[in-house]
Structure formats: C-alpha cells, structure tokens
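Peer 1: Following this line is structure-v3.json, made up of JSON, C-alpha atoms:
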[["chain", "number", "residue", "atom", "x", "y", "z"],
["A", 1, "MET", "CA", 17.90, 23.65, -3.11],
["A", 2, "GLN", "CA", 16.95, 21.67, -6.18],
["A", 3, "ASN", "CA", 13.43, 20.39, -6.08],
["A", 4, "VAL", "CA", 12.70, 17.04, -7.64],
["A", 5, "LEU", "CA", 9.41, 18.26, -9.08],
["A", 6, "GLN", "CA", 11.18, 20.92, -11.16],
["A", 7, "GLN", "CA", 13.21, 18.27, -12.93],
["A", 8, "ILE", "CA", 10.78, 15.40, -13.23],
["A", 9, "GLY", "CA", 7.40, 17.05, -13.29],
["A", 10, "ILE", "CA", 4.30, 16.17, -11.35],
["A", 11, "GLU", "CA", 2.71, 14.44, -14.36],
["A", 12, "ASN", "CA", 5.16, 11.55, -14.31],
["A", 13, "TYR", "CA", 4.40, 10.92, -10.66],
["A", 14, "ILE", "CA", 0.66, 10.97, -11.35],
["A", 15, "TYR", "CA", 1.10, 8.40, -14.11],
["A", 16, "LEU", "CA", 3.27, 6.23, -11.87],
["A", 17, "SER", "CA", 0.73, 6.16, -9.04],
["A", 18, "THR", "CA", -2.13, 5.58, -11.48],
["A", 19, "LEU", "CA", -0.37, 2.56, -12.93],
["A", 20, "LEU", "CA", 0.50, 1.25, -9.46],
["A", 21, "PHE", "CA", -3.13, 1.60, -8.38],
["A", 22, "CYS", "CA", -4.31, -0.24, -11.50],
["A", 23, "ILE", "CA", -1.84, -3.05, -10.82],
["A", 24, "GLY", "CA", -3.40, -3.36, -7.36],
["A", 25, "ILE", "CA", -6.89, -3.58, -8.86],
["A", 26, "PHE", "CA", -5.63, -6.21, -11.31],
["A", 27, "GLY", "CA", -4.20, -8.24, -8.45],
["A", 28, "VAL", "CA", -7.45, -8.22, -6.49],
["A", 29, "LEU", "CA", -9.37, -9.38, -9.57],
["A", 30, "PHE", "CA", -6.82, -11.85, -10.90],
["A", 31, "ARG", "CA", -5.66, -13.84, -7.90],
["A", 32, "ARG", "CA", -7.75, -16.10, -5.71],
["A", 33, "ASN", "CA", -5.25, -16.51, -2.92],
["A", 34, "ALA", "CA", -6.51, -14.23, -0.14],
["A", 35, "ILE", "CA", -3.02, -13.30, 1.07],
["A", 36, "VAL", "CA", -1.96, -12.12, -2.37],
["A", 37, "MET", "CA", -5.17, -10.11, -2.54],
["A", 38, "PHE", "CA", -4.09, -8.47, 0.72],
["A", 39, "MET", "CA", -0.76, -7.61, -0.86],
["A", 40, "SER", "CA", -2.59, -6.04, -3.81],
["A", 41, "ILE", "CA", -4.58, -3.90, -1.39],
["A", 42, "GLU", "CA", -1.30, -2.80, 0.17],
["A", 43, "ILE", "CA", -0.01, -1.84, -3.29],
["A", 44, "MET", "CA", -3.12, 0.29, -3.86],
["A", 45, "LEU", "CA", -2.72, 2.02, -0.48],
["A", 46, "ASN", "CA", 0.92, 2.71, -1.30],
["A", 47, "ALA", "CA", 0.04, 4.24, -4.66],
["A", 48, "VAL", "CA", -2.31, 6.69, -2.93],
["A", 49, "ASN", "CA", 0.26, 7.45, -0.22],
["A", 50, "LEU", "CA", 2.87, 8.20, -2.86],
["A", 51, "LEU", "CA", 0.52, 10.63, -4.60],
["A", 52, "LEU", "CA", -0.24, 12.35, -1.27],
["A", 53, "VAL", "CA", 3.48, 12.88, -0.67],
["A", 54, "VAL", "CA", 3.88, 14.19, -4.22],
["A", 55, "PHE", "CA", 1.16, 16.78, -3.74],
["A", 56, "SER", "CA", 2.44, 17.67, -0.28],
["A", 57, "THR", "CA", 5.76, 18.52, -1.94],
["A", 58, "TYR", "CA", 3.94, 20.32, -4.76],
["A", 59, "HIS", "CA", 2.13, 22.62, -2.35],
["A", 60, "GLN", "CA", 5.11, 22.70, 0.05],
["A", 61, "ASP", "CA", 2.86, 21.88, 2.96],
["A", 62, "ALA", "CA", 3.48, 19.32, 5.69],
["A", 63, "SER", "CA", -0.18, 18.33, 6.20],
["A", 64, "GLY", "CA", -0.10, 15.82, 3.36],
["A", 65, "GLN", "CA", 2.77, 13.95, 4.96],
["A", 66, "VAL", "CA", 1.01, 13.86, 8.33],
["A", 67, "PHE", "CA", -2.00, 12.40, 6.54],
["A", 68, "VAL", "CA", 0.21, 9.70, 5.01],
["A", 69, "PHE", "CA", 1.40, 8.91, 8.53],
["A", 70, "PHE", "CA", -2.20, 8.33, 9.67],
["A", 71, "SER", "CA", -2.94, 6.28, 6.58],
["A", 72, "MET", "CA", 0.01, 4.03, 7.46],
["A", 73, "ALA", "CA", -1.41, 3.52, 10.96],
["A", 74, "VAL", "CA", -4.76, 2.52, 9.48],
["A", 75, "ALA", "CA", -3.04, 0.15, 7.03],
["A", 76, "ALA", "CA", -1.17, -1.55, 9.87],
["A", 77, "ALA", "CA", -4.41, -2.02, 11.84],
["A", 78, "GLU", "CA", -6.16, -3.34, 8.73],
["A", 79, "VAL", "CA", -3.47, -5.92, 8.06],
["A", 80, "ALA", "CA", -3.45, -7.15, 11.65],
["A", 81, "VAL", "CA", -7.22, -7.68, 11.78],
["A", 82, "GLY", "CA", -7.40, -9.05, 8.24],
["A", 83, "LEU", "CA", -4.71, -11.64, 8.84],
["A", 84, "ALA", "CA", -6.44, -12.71, 12.06],
["A", 85, "ILE", "CA", -9.63, -13.24, 10.05],
["A", 86, "LEU", "CA", -7.67, -15.22, 7.45],
["A", 87, "VAL", "CA", -6.24, -17.45, 10.18],
["A", 88, "GLY", "CA", -9.80, -18.06, 11.40],
["A", 89, "ILE", "CA", -10.94, -18.95, 7.89],
["A", 90, "TYR", "CA", -7.99, -21.29, 7.40],
["A", 91, "ARG", "CA", -8.80, -23.05, 10.66],
["A", 92, "ASN", "CA", -12.33, -23.71, 9.47],
["A", 93, "ILE", "CA", -11.97, -24.73, 5.83],
["A", 94, "HIS", "CA", -8.20, -25.54, 5.63],
["A", 95, "SER", "CA", -7.68, -23.32, 2.63],
["A", 96, "ILE", "CA", -7.69, -19.61, 1.88],
["A", 97, "ASP", "CA", -8.89, -19.93, -1.67],
["A", 98, "ILE", "CA", -11.67, -17.38, -1.83],
["A", 99, "ASP", "CA", -13.62, -19.52, -4.29],
["A", 100, "LYS", "CA", -14.29, -21.94, -1.46],
["A", 101, "LEU", "CA", -15.95, -19.33, 0.72],
["A", 102, "LYS", "CA", -19.45, -20.06, -0.45],
["A", 103, "ASN", "CA", -21.18, -20.93, 2.81],
["A", 104, "LEU", "CA", -23.28, -17.79, 2.88],
["A", 105, "LYS", "CA", -24.71, -18.46, -0.56],
["A", 106, "GLY", "CA", -27.58, -20.43, 0.93],
["B", 1, "MET", "CA", 20.69, 12.69, -12.85],
["B", 2, "LEU", "CA", 17.49, 12.86, -10.79],
["B", 3, "THR", "CA", 15.46, 11.94, -13.84],
["B", 4, "THR", "CA", 17.48, 8.78, -14.37],
["B", 5, "VAL", "CA", 17.06, 7.80, -10.72],
["B", 6, "PHE", "CA", 13.33, 8.43, -11.01],
["B", 7, "TYR", "CA", 12.96, 6.25, -14.10],
["B", 8, "ILE", "CA", 15.01, 3.39, -12.62],
["B", 9, "LEU", "CA", 13.03, 3.51, -9.35],
["B", 10, "SER", "CA", 9.71, 3.63, -11.21],
["B", 11, "ALA", "CA", 10.69, 0.68, -13.37],
["B", 12, "ILE", "CA", 11.62, -1.32, -10.25],
["B", 13, "THR", "CA", 8.37, -0.34, -8.53],
["B", 14, "LEU", "CA", 6.10, -1.29, -11.40],
["B", 15, "ALA", "CA", 7.97, -4.47, -12.32],
["B", 16, "THR", "CA", 8.05, -5.83, -8.78],
["B", 17, "ALA", "CA", 4.38, -4.91, -8.25],
["B", 18, "PHE", "CA", 3.52, -6.93, -11.36],
["B", 19, "LEU", "CA", 5.72, -9.83, -10.28],
["B", 20, "THR", "CA", 4.02, -9.81, -6.86],
["B", 21, "ILE", "CA", 0.76, -10.59, -8.58],
["B", 22, "LEU", "CA", 2.00, -12.89, -11.30],
["B", 23, "THR", "CA", 4.20, -15.30, -9.31],
["B", 24, "LYS", "CA", 2.44, -18.42, -8.15],
["B", 25, "ASN", "CA", 4.33, -18.90, -4.91],
["B", 26, "PRO", "CA", 3.08, -16.59, -2.09],
["B", 27, "ILE", "CA", 6.54, -16.36, -0.50],
["B", 28, "HIS", "CA", 8.03, -15.06, -3.74],
["B", 29, "SER", "CA", 5.15, -12.57, -3.91],
["B", 30, "ALA", "CA", 6.00, -11.33, -0.43],
["B", 31, "ILE", "CA", 9.67, -10.91, -1.33],
["B", 32, "TYR", "CA", 8.83, -8.97, -4.49],
["B", 33, "LEU", "CA", 6.49, -6.82, -2.43],
["B", 34, "VAL", "CA", 9.34, -5.98, -0.04],
["B", 35, "ILE", "CA", 11.42, -4.78, -3.00],
["B", 36, "CYS", "CA", 8.44, -2.73, -4.20],
["B", 37, "PHE", "CA", 8.10, -1.10, -0.77],
["B", 38, "PHE", "CA", 11.82, -0.29, -0.67],
["B", 39, "SER", "CA", 11.63, 1.40, -4.05],
["B", 40, "ILE", "CA", 8.66, 3.46, -2.86],
["B", 41, "ALA", "CA", 10.76, 4.48, 0.15],
["B", 42, "GLY", "CA", 13.36, 5.52, -2.42],
["B", 43, "HIS", "CA", 10.76, 7.75, -4.04],
["B", 44, "TYR", "CA", 10.10, 9.36, -0.65],
["B", 45, "LEU", "CA", 13.82, 9.95, -0.22],
["B", 46, "LEU", "CA", 13.87, 11.55, -3.66],
["B", 47, "PHE", "CA", 11.36, 14.06, -2.32],
["B", 48, "ASN", "CA", 13.57, 14.63, 0.72],
["B", 49, "ALA", "CA", 10.77, 13.32, 2.99],
["B", 50, "GLN", "CA", 13.12, 11.56, 5.39],
["B", 51, "PHE", "CA", 10.62, 10.92, 8.16],
["B", 52, "LEU", "CA", 8.14, 9.20, 5.87],
["B", 53, "ALA", "CA", 10.86, 7.13, 4.20],
["B", 54, "VAL", "CA", 12.03, 5.79, 7.55],
["B", 55, "VAL", "CA", 8.51, 5.18, 8.84],
["B", 56, "HIS", "CA", 7.57, 3.50, 5.56],
["B", 57, "ILE", "CA", 10.50, 1.07, 5.79],
["B", 58, "ILE", "CA", 9.79, 0.33, 9.46],
["B", 59, "VAL", "CA", 6.03, -0.14, 9.11],
["B", 60, "TYR", "CA", 5.71, -1.79, 5.70],
["B", 61, "SER", "CA", 8.96, -3.67, 5.10],
["B", 62, "GLY", "CA", 9.36, -4.38, 8.79],
["B", 63, "ALA", "CA", 6.04, -4.97, 10.49],
["B", 64, "ILE", "CA", 3.52, -5.73, 7.76],
["B", 65, "MET", "CA", 5.74, -7.97, 5.65],
["B", 66, "ILE", "CA", 6.92, -9.97, 8.66],
["B", 67, "LEU", "CA", 3.27, -10.45, 9.64],
["B", 68, "LEU", "CA", 2.39, -11.62, 6.13],
["B", 69, "LEU", "CA", 5.39, -13.96, 5.91],
["B", 70, "PHE", "CA", 4.60, -15.46, 9.33],
["B", 71, "THR", "CA", 1.02, -16.09, 8.28],
["B", 72, "ILE", "CA", 2.11, -17.69, 4.99],
["B", 73, "MET", "CA", 4.52, -19.96, 6.79],
["B", 74, "LEU", "CA", 2.08, -20.82, 9.59],
["B", 75, "MET", "CA", -0.56, -21.85, 7.08],
["B", 76, "ASN", "CA", 2.03, -23.81, 5.10],
["B", 77, "LEU", "CA", 1.14, -22.06, 1.89],
["B", 78, "ASN", "CA", 4.62, -22.00, 0.37],
["B", 79, "LYS", "CA", 3.65, -24.28, -2.43],
["B", 80, "GLU", "CA", 1.99, -23.55, -5.72],
["B", 81, "ASP", "CA", -1.40, -25.09, -5.16],
["B", 82, "GLU", "CA", -3.60, -22.61, -6.95],
["B", 83, "ARG", "CA", -5.92, -24.42, -9.29],
["B", 84, "HIS", "CA", -6.03, -23.49, -12.92],
["B", 85, "LYS", "CA", -8.11, -20.39, -13.44],
["B", 86, "SER", "CA", -10.85, -20.37, -16.00],
["B", 87, "GLY", "CA", -10.18, -18.35, -19.14],
["B", 88, "LEU", "CA", -13.11, -16.07, -18.48],
["B", 89, "THR", "CA", -11.64, -14.89, -15.16],
["B", 90, "ILE", "CA", -8.33, -14.03, -16.77],
["B", 91, "ILE", "CA", -9.97, -12.19, -19.66],
["B", 92, "ALA", "CA", -12.24, -10.25, -17.31],
["B", 93, "ALA", "CA", -9.37, -9.28, -15.01],
["B", 94, "VAL", "CA", -7.11, -8.17, -17.87],
["B", 95, "ALA", "CA", -9.94, -6.27, -19.57],
["B", 96, "SER", "CA", -10.91, -4.41, -16.41],
["B", 97, "PHE", "CA", -7.24, -3.61, -15.69],
["B", 98, "CYS", "CA", -6.80, -2.16, -19.17],
["B", 99, "LEU", "CA", -10.05, -0.20, -18.97],
["B", 100, "VAL", "CA", -9.34, 1.33, -15.55],
["B", 101, "ALA", "CA", -5.79, 2.23, -16.59],
["B", 102, "PHE", "CA", -7.07, 3.72, -19.84],
["B", 103, "VAL", "CA", -9.78, 5.81, -18.16],
["B", 104, "LEU", "CA", -7.52, 7.14, -15.38],
["B", 105, "LEU", "CA", -4.60, 7.89, -17.67],
["B", 106, "ALA", "CA", -6.88, 9.55, -20.23],
["B", 107, "ALA", "CA", -8.33, 11.74, -17.50],
["B", 108, "PHE", "CA", -4.91, 12.78, -16.23],
["B", 109, "LEU", "CA", -3.28, 13.24, -19.63],
["B", 110, "LYS", "CA", -5.65, 16.09, -20.46],
["B", 111, "SER", "CA", -5.42, 17.80, -17.08],
["B", 112, "MET", "CA", -3.29, 20.91, -16.69],
["B", 113, "PRO", "CA", -1.46, 21.99, -13.53],
["B", 114, "ILE", "CA", -3.03, 24.95, -11.74],
["B", 115, "ILE", "CA", 0.36, 26.46, -10.95],
["B", 116, "GLU", "CA", 1.99, 27.51, -14.21],
["B", 117, "GLU", "CA", 5.45, 28.40, -12.95],
["B", 118, "TYR", "CA", 6.61, 26.08, -10.22],
["B", 119, "TYR", "CA", 9.06, 27.69, -7.84],
["B", 120, "VAL", "CA", 10.73, 26.57, -4.64],
["B", 121, "SER", "CA", 10.21, 28.83, -1.64],
["B", 122, "GLY", "CA", 13.20, 27.34, 0.12],
["B", 123, "GLU", "CA", 11.17, 27.03, 3.30],
["B", 124, "ASP", "CA", 11.73, 23.96, 5.44],
["B", 125, "TYR", "CA", 8.45, 22.06, 5.60],
["B", 126, "GLN", "CA", 9.29, 18.36, 5.77],
["B", 127, "SER", "CA", 12.08, 17.86, 8.26],
["B", 128, "ILE", "CA", 11.23, 15.81, 11.34],
["B", 129, "LYS", "CA", 11.25, 18.96, 13.48],
["B", 130, "VAL", "CA", 8.56, 20.71, 11.45],
["B", 131, "LEU", "CA", 6.51, 17.53, 11.02],
["B", 132, "GLY", "CA", 6.54, 16.95, 14.77],
["B", 133, "GLN", "CA", 5.25, 20.46, 15.37],
["B", 134, "VAL", "CA", 2.48, 20.03, 12.81],
["B", 135, "LEU", "CA", 1.57, 16.62, 14.22],
["B", 136, "LEU", "CA", 1.55, 17.46, 17.91],
["B", 137, "ASP", "CA", 0.51, 21.10, 17.96],
["B", 138, "GLU", "CA", -2.51, 21.44, 20.23],
["B", 139, "LYS", "CA", -4.22, 24.39, 18.62],
["B", 140, "ASN", "CA", -4.21, 23.81, 14.87],
["B", 141, "GLY", "CA", -2.29, 20.59, 14.60],
["B", 142, "PHE", "CA", -3.19, 16.94, 14.39],
["B", 143, "MET", "CA", -3.05, 16.19, 18.12],
["B", 144, "ILE", "CA", -6.51, 14.61, 18.45],
["B", 145, "PRO", "CA", -6.28, 12.42, 15.31],
["B", 146, "PHE", "CA", -2.90, 11.27, 16.62],
["B", 147, "GLU", "CA", -4.50, 10.16, 19.90],
["B", 148, "PHE", "CA", -7.30, 8.44, 18.00],
["B", 149, "ALA", "CA", -4.75, 6.58, 15.89],
["B", 150, "SER", "CA", -3.32, 5.11, 19.08],
["B", 151, "VAL", "CA", -6.81, 4.05, 20.17],
["B", 152, "LEU", "CA", -7.35, 2.47, 16.74],
["B", 153, "LEU", "CA", -4.11, 0.50, 17.01],
["B", 154, "LEU", "CA", -5.03, -0.69, 20.52],
["B", 155, "VAL", "CA", -8.49, -1.81, 19.38],
["B", 156, "SER", "CA", -7.11, -3.61, 16.34],
["B", 157, "MET", "CA", -4.55, -5.37, 18.53],
["B", 158, "ILE", "CA", -7.27, -6.61, 20.90],
["B", 159, "GLY", "CA", -9.41, -7.59, 17.92],
["B", 160, "ALA", "CA", -6.61, -9.57, 16.30],
["B", 161, "VAL", "CA", -5.90, -11.44, 19.53],
["B", 162, "LEU", "CA", -9.58, -12.22, 20.06],
["B", 163, "LEU", "CA", -10.11, -13.33, 16.47],
["B", 164, "SER", "CA", -7.13, -15.66, 16.34],
["B", 165, "LYS", "CA", -7.75, -17.18, 19.76],
["B", 166, "LYS", "CA", -8.79, -20.79, 19.59],
["B", 167, "GLU", "CA", -12.53, -21.16, 19.97],
["B", 168, "GLU", "CA", -13.74, -23.25, 22.84],
["B", 169, "LYS", "CA", -16.55, -25.67, 22.38],
["B", 170, "ILE", "CA", -19.84, -23.93, 23.01],
["B", 171, "SER", "CA", -22.21, -26.15, 24.96],
["B", 172, "LEU", "CA", -25.80, -25.26, 24.38]]
What is this file in structure tokens?

Peer 2:
Amino acid sequence: MQNVLQQIGIENYIYLSTLLFCIGIFGVLFRRNAIVMFMSIEIMLNAVNLLLVVFSTYHQDASGQVFVFFSMAVAAAEVAVGLAILVGIYRNIHSIDIDKLKNLKG
Amino acid sequence: MLTTVFYILSAITLATAFLTILTKNPIHSAIYLVICFFSIAGHYLLFNAQFLAVVHIIVYSGAIMILLLFTIMLMNLNKEDERHKSGLTIIAAVASFCLVAFVLLAAFLKSMPIIEEYYVSGEDYQSIKVLGQVLLDEKNGFMIPFEFASVLLLVSMIGAVLLSKKEEKISL
C-alpha cells in the first residue's frame, strides 16, 4: 500500500495547515461582519483537524482520528450556540457589525 | 501523481479560504467556504481516512453551512453593506497575519522529524471497523467521551432554542 506521507512528506502538510490557520486569524482580525468571523474560526478549527489527521497517519494510530471526530462535535455545538447569540444580537441592534457592540463600554 | 493532486488540492484550499475572507458579500463567502471544506475532505481521502471524509462533508458542508446560510438569509445580509474600514485596521490585520505566518513557518522550517526512515506497517488502522472499535471500546476506548459528546450536543441544542426564542416582556 502506498502511503501518501512517503510521497509528499509531512512538512508540506504542516506548512499547509499553518497557512490555513494564519488565514483564519487574518479573517478574524480583518472582517467586522460577525458571520464571516465565525467562518474564519471554522477555517482555523479545520486547519487543526487536518494536522491531527496528518499526525494520526504519521504514527499509524486511530486515536487522532477519533479526536478529530470529537472536535467536529464541539464545532457543531459551537456554531449552533454562536448563531443563536448572533440572532439575539441582530434582534436588538438590527446589525451584526461588531463595531456597534459597544454597550458594555460604559 | 499523488503529489500533483496534493498541490492542486492545497491551492484550492488556500485560495478559497482567502476568498472567503476577502469577498464582501457573506453569501459568496459561505459558498467559497463550502468549496474549502470539500477540498479538505479531499485531503482526508488522500490519507485514506474514509470515515472522517464522509463525516466532514456531512457535518461541515451539510449541517454547519446550511445553518450559516439560513442565518445570513434570515437576517437579510446578502448585500454588501460593510462600511469602509479605516487604513489602520487593514495595516494592523495584514501585519499581524504576516508576523504570525512568519513565526510559525520559521519554527516549523527548522524542525526535524523524529522518525528518520518512514515506513508503512501495512496494518489497518483507519477503516470504519477499526475506528468503531477504538471509539466504542469500553475498557481502553473513547466510550465515555463519546457519551459526553452526546450530552454536549443536547445541551447546545437546548441552549440554541432558548437563546433564539422571542423574549417576552418582563413586567417588574
């Protein structure tokens, strides 16, 4: 059986997930639309999941993949609650621009 | 062959992730994000991790993206109404992106793998059969975290319903 890591190398996958994670950070800092910030958080979670699968293949151990499964469950729960909070915010201030969320500033 | 597939998939992943952030319209962002998720599922398939690829497509491209798209459409956000950002914000975001990428890549470029010769044992460790045994084995498996994940999903479902329920007027 040909293994993908023998041909591509683990370094390339590490660089790919690093760049994907940095793109997620960039999105959180750059955009002010709260939904797009959520999408950036999803990109970051996916970068980490990808690296977990890579190392699970590297060590030829199934535990990493089971951990990715749990991380997906947590991501689904996070998105459900986060979007409910966003709907609540939209109902109150009729916008989800995070620059307008200044009520707690005093 | 595999190398070419890897480079094409990586290019799609990175490009669509960037487009997700850079497009003004949230619906276009969501569609680019779906393409990004599909290419990540392609990476999983490249590793022969069939279970995770299928679960990834179902959970991310299916459930999470539909939830996001429904929210975008319910809030009527499918127009480009983001005000012009100040130059300082853009400079700060780009600078921090470049710095984080530089630091992480510099750290990983110098690192060496602990296993010098990589070999394949040929053992089956990621088919659905083996994963199910690892996940649901009572002695040294992940049985209890699995149960707790179901509790977490139930609690988050109740929380989402409670949060998005219309508030009634509180009479004090």

Peer 1: Which neighbours of stretch 44-53 of chain A fall inside 9 Å, counting all atoms listed in the file, when residues of the same chain fewer than 3 positions from it are skipped, and could you give them as a ChimeraX atom specification?

Peer 2: /A:13-14,16-25,39-41,56-58,64-65,67-69,71-72,75 /B:37,40,43-44,47,49,52

Peer 1: Could you jot down the atom CA of A:Ile96 to atom CA of B:Ala30 separation for me, Å, one decimal place?

Peer 2: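 Separation of atom CA of A:Ile96 and atom CA of B:Ala30: 16.2 Å.
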
Peer 1: One number please: atom CA of B:Tyr125 to atom CA of B:Val54, in Å, one decimal.

Peer 2: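 Interatomic distance here is 16.8 Å.
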
Peer 1: List every residue of chain A that has an atom at most 6 Å from any atom of chain B, and for each one report the closest atom pair and its distance in Å to one decimal, counting only C-alpha atoms, with rows sorted by chain and then by increasing residue number, as a tab-separated table.

Peer 2:
residue	atom	partner	partner_atom	distance
A:Ile8	CA	B:Thr3	CA	5.9
A:Cys22	CA	B:Ala101	CA	5.8
A:Phe26	CA	B:Phe97	CA	5.3
A:Gly27	CA	B:Ile21	CA	5.5
A:Leu29	CA	B:Ala93	CA	5.4
A:Phe30	CA	B:Ala93	CA	5.5
A:Ala62	CA	B:Tyr125	CA	5.7
A:Ala77	CA	B:Ser156	CA	5.5
A:Val81	CA	B:Ala160	CA	4.9
A:Ala84	CA	B:Ser164	CA	5.2

Peer 1: Which residue is closest to B:Ile31? Choose from B:Met73, B:Leu136, B:Leu19, B:Leu9 and count only C-alpha atoms.

Peer 2: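 For B:Ile31, the nearest of the candidates is B:Leu19.
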
Peer 1: Could you tell me how far atom CA of A:Phe70 sits from atom CA of A:Met37, in Å to one decimal place?

Peer 2: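 For atom CA of A:Met37 relative to atom CA of A:Phe70, the distance reads 22.3 Å.
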
Peer 1: With all atoms listed in the file as the atoms that count, which of B:Ser61, B:Ala106, B:Gln50, B:Gly42 lies nearest to A:Glu42?

Peer 2: B:Ser61

Peer 1: Stretch 86-92 of chain A, all listed atoms, 8 Å padding on each side: what axis-aligned box centre and edge lengths in Å to one decimal come out, as JSON?

Peer 2:
{"center_x": -9.3, "center_y": -19.5, "center_z": 9.4, "size_x": 22.1, "size_y": 24.5, "size_z": 20.0}

Peer 1: Would you fill out stretch 117-137 of chain B with N, CA and C atoms and return it as a PDB file, in the coordinates of the input?

Peer 2:
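Result saved to part_9.pdb:
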ATOM      1  N   GLU B 117       4.023  28.385 -13.241  1.00  0.00           N
ATOM      2  CA  GLU B 117       5.450  28.400 -12.950  1.00  0.00           C
ATOM      3  C   GLU B 117       5.646  27.785 -11.570  1.00  0.00           C
ATOM      4  N   TYR B 118       6.360  26.686 -11.517  1.00  0.00           N
ATOM      5  CA  TYR B 118       6.610  26.080 -10.220  1.00  0.00           C
ATOM      6  C   TYR B 118       7.900  26.644  -9.658  1.00  0.00           C
ATOM      7  N   TYR B 119       7.836  27.148  -8.452  1.00  0.00           N
ATOM      8  CA  TYR B 119       9.060  27.690  -7.840  1.00  0.00           C
ATOM      9  C   TYR B 119       9.201  27.091  -6.445  1.00  0.00           C
ATOM     10  N   VAL B 120      10.435  27.108  -5.965  1.00  0.00           N
ATOM     11  CA  VAL B 120      10.730  26.570  -4.640  1.00  0.00           C
ATOM     12  C   VAL B 120      10.896  27.738  -3.687  1.00  0.00           C
ATOM     13  N   SER B 121      10.124  27.714  -2.585  1.00  0.00           N
ATOM     14  CA  SER B 121      10.210  28.830  -1.640  1.00  0.00           C
ATOM     15  C   SER B 121      11.445  28.710  -0.763  1.00  0.00           C
ATOM     16  N   GLY B 122      12.025  27.514  -0.714  1.00  0.00           N
ATOM     17  CA  GLY B 122      13.200  27.340   0.120  1.00  0.00           C
ATOM     18  C   GLY B 122      12.878  27.154   1.584  1.00  0.00           C
ATOM     19  N   GLU B 123      11.596  27.176   1.911  1.00  0.00           N
ATOM     20  CA  GLU B 123      11.170  27.030   3.300  1.00  0.00           C
ATOM     21  C   GLU B 123      11.268  25.558   3.702  1.00  0.00           C
ATOM     22  N   ASP B 124      11.625  25.335   4.949  1.00  0.00           N
ATOM     23  CA  ASP B 124      11.730  23.960   5.440  1.00  0.00           C
ATOM     24  C   ASP B 124      10.349  23.505   5.888  1.00  0.00           C
ATOM     25  N   TYR B 125       9.813  22.486   5.230  1.00  0.00           N
ATOM     26  CA  TYR B 125       8.450  22.060   5.600  1.00  0.00           C
ATOM     27  C   TYR B 125       8.360  20.566   5.811  1.00  0.00           C
ATOM     28  N   GLN B 126       9.439  19.792   5.618  1.00  0.00           N
ATOM     29  CA  GLN B 126       9.290  18.360   5.770  1.00  0.00           C
ATOM     30  C   GLN B 126      10.396  17.710   6.591  1.00  0.00           C
ATOM     31  N   SER B 127      11.138  18.495   7.353  1.00  0.00           N
ATOM     32  CA  SER B 127      12.080  17.860   8.260  1.00  0.00           C
ATOM     33  C   SER B 127      11.297  17.341   9.475  1.00  0.00           C
ATOM     34  N   ILE B 128      11.937  16.445  10.228  1.00  0.00           N
ATOM     35  CA  ILE B 128      11.230  15.810  11.340  1.00  0.00           C
ATOM     36  C   ILE B 128      10.784  16.847  12.368  1.00  0.00           C
ATOM     37  N   LYS B 129      11.588  17.911  12.515  1.00  0.00           N
ATOM     38  CA  LYS B 129      11.250  18.960  13.480  1.00  0.00           C
ATOM     39  C   LYS B 129       9.911  19.614  13.131  1.00  0.00           C
ATOM     40  N   VAL B 130       9.787  20.026  11.878  1.00  0.00           N
ATOM     41  CA  VAL B 130       8.560  20.710  11.450  1.00  0.00           C
ATOM     42  C   VAL B 130       7.380  19.735  11.486  1.00  0.00           C
ATOM     43  N   LEU B 131       7.601  18.507  11.030  1.00  0.00           N
ATOM     44  CA  LEU B 131       6.510  17.530  11.020  1.00  0.00           C
ATOM     45  C   LEU B 131       6.012  17.257  12.423  1.00  0.00           C
ATOM     46  N   GLY B 132       6.942  17.172  13.387  1.00  0.00           N
ATOM     47  CA  GLY B 132       6.540  16.950  14.770  1.00  0.00           C
ATOM     48  C   GLY B 132       5.700  18.097  15.293  1.00  0.00           C
ATOM     49  N   GLN B 133       6.062  19.331  14.914  1.00  0.00           N
ATOM     50  CA  GLN B 133       5.250  20.460  15.370  1.00  0.00           C
ATOM     51  C   GLN B 133       3.870  20.434  14.753  1.00  0.00           C
ATOM     52  N   VAL B 134       3.800  20.086  13.460  1.00  0.00           N
ATOM     53  CA  VAL B 134       2.480  20.030  12.810  1.00  0.00           C
ATOM     54  C   VAL B 134       1.648  18.921  13.430  1.00  0.00           C
ATOM     55  N   LEU B 135       2.302  17.785  13.725  1.00  0.00           N
ATOM     56  CA  LEU B 135       1.570  16.620  14.220  1.00  0.00           C
ATOM     57  C   LEU B 135       1.068  16.840  15.628  1.00  0.00           C
ATOM     58  N   LEU B 136       1.885  17.435  16.487  1.00  0.00           N
ATOM     59  CA  LEU B 136       1.550  17.460  17.910  1.00  0.00           C
ATOM     60  C   LEU B 136       1.179  18.842  18.420  1.00  0.00           C
ATOM     61  N   ASP B 137       0.940  19.783  17.513  1.00  0.00           N
ATOM     62  CA  ASP B 137       0.510  21.100  17.960  1.00  0.00           C
ATOM     63  C   ASP B 137      -0.926  21.010  18.456  1.00  0.00           C
TER      64      ASP B 137
END
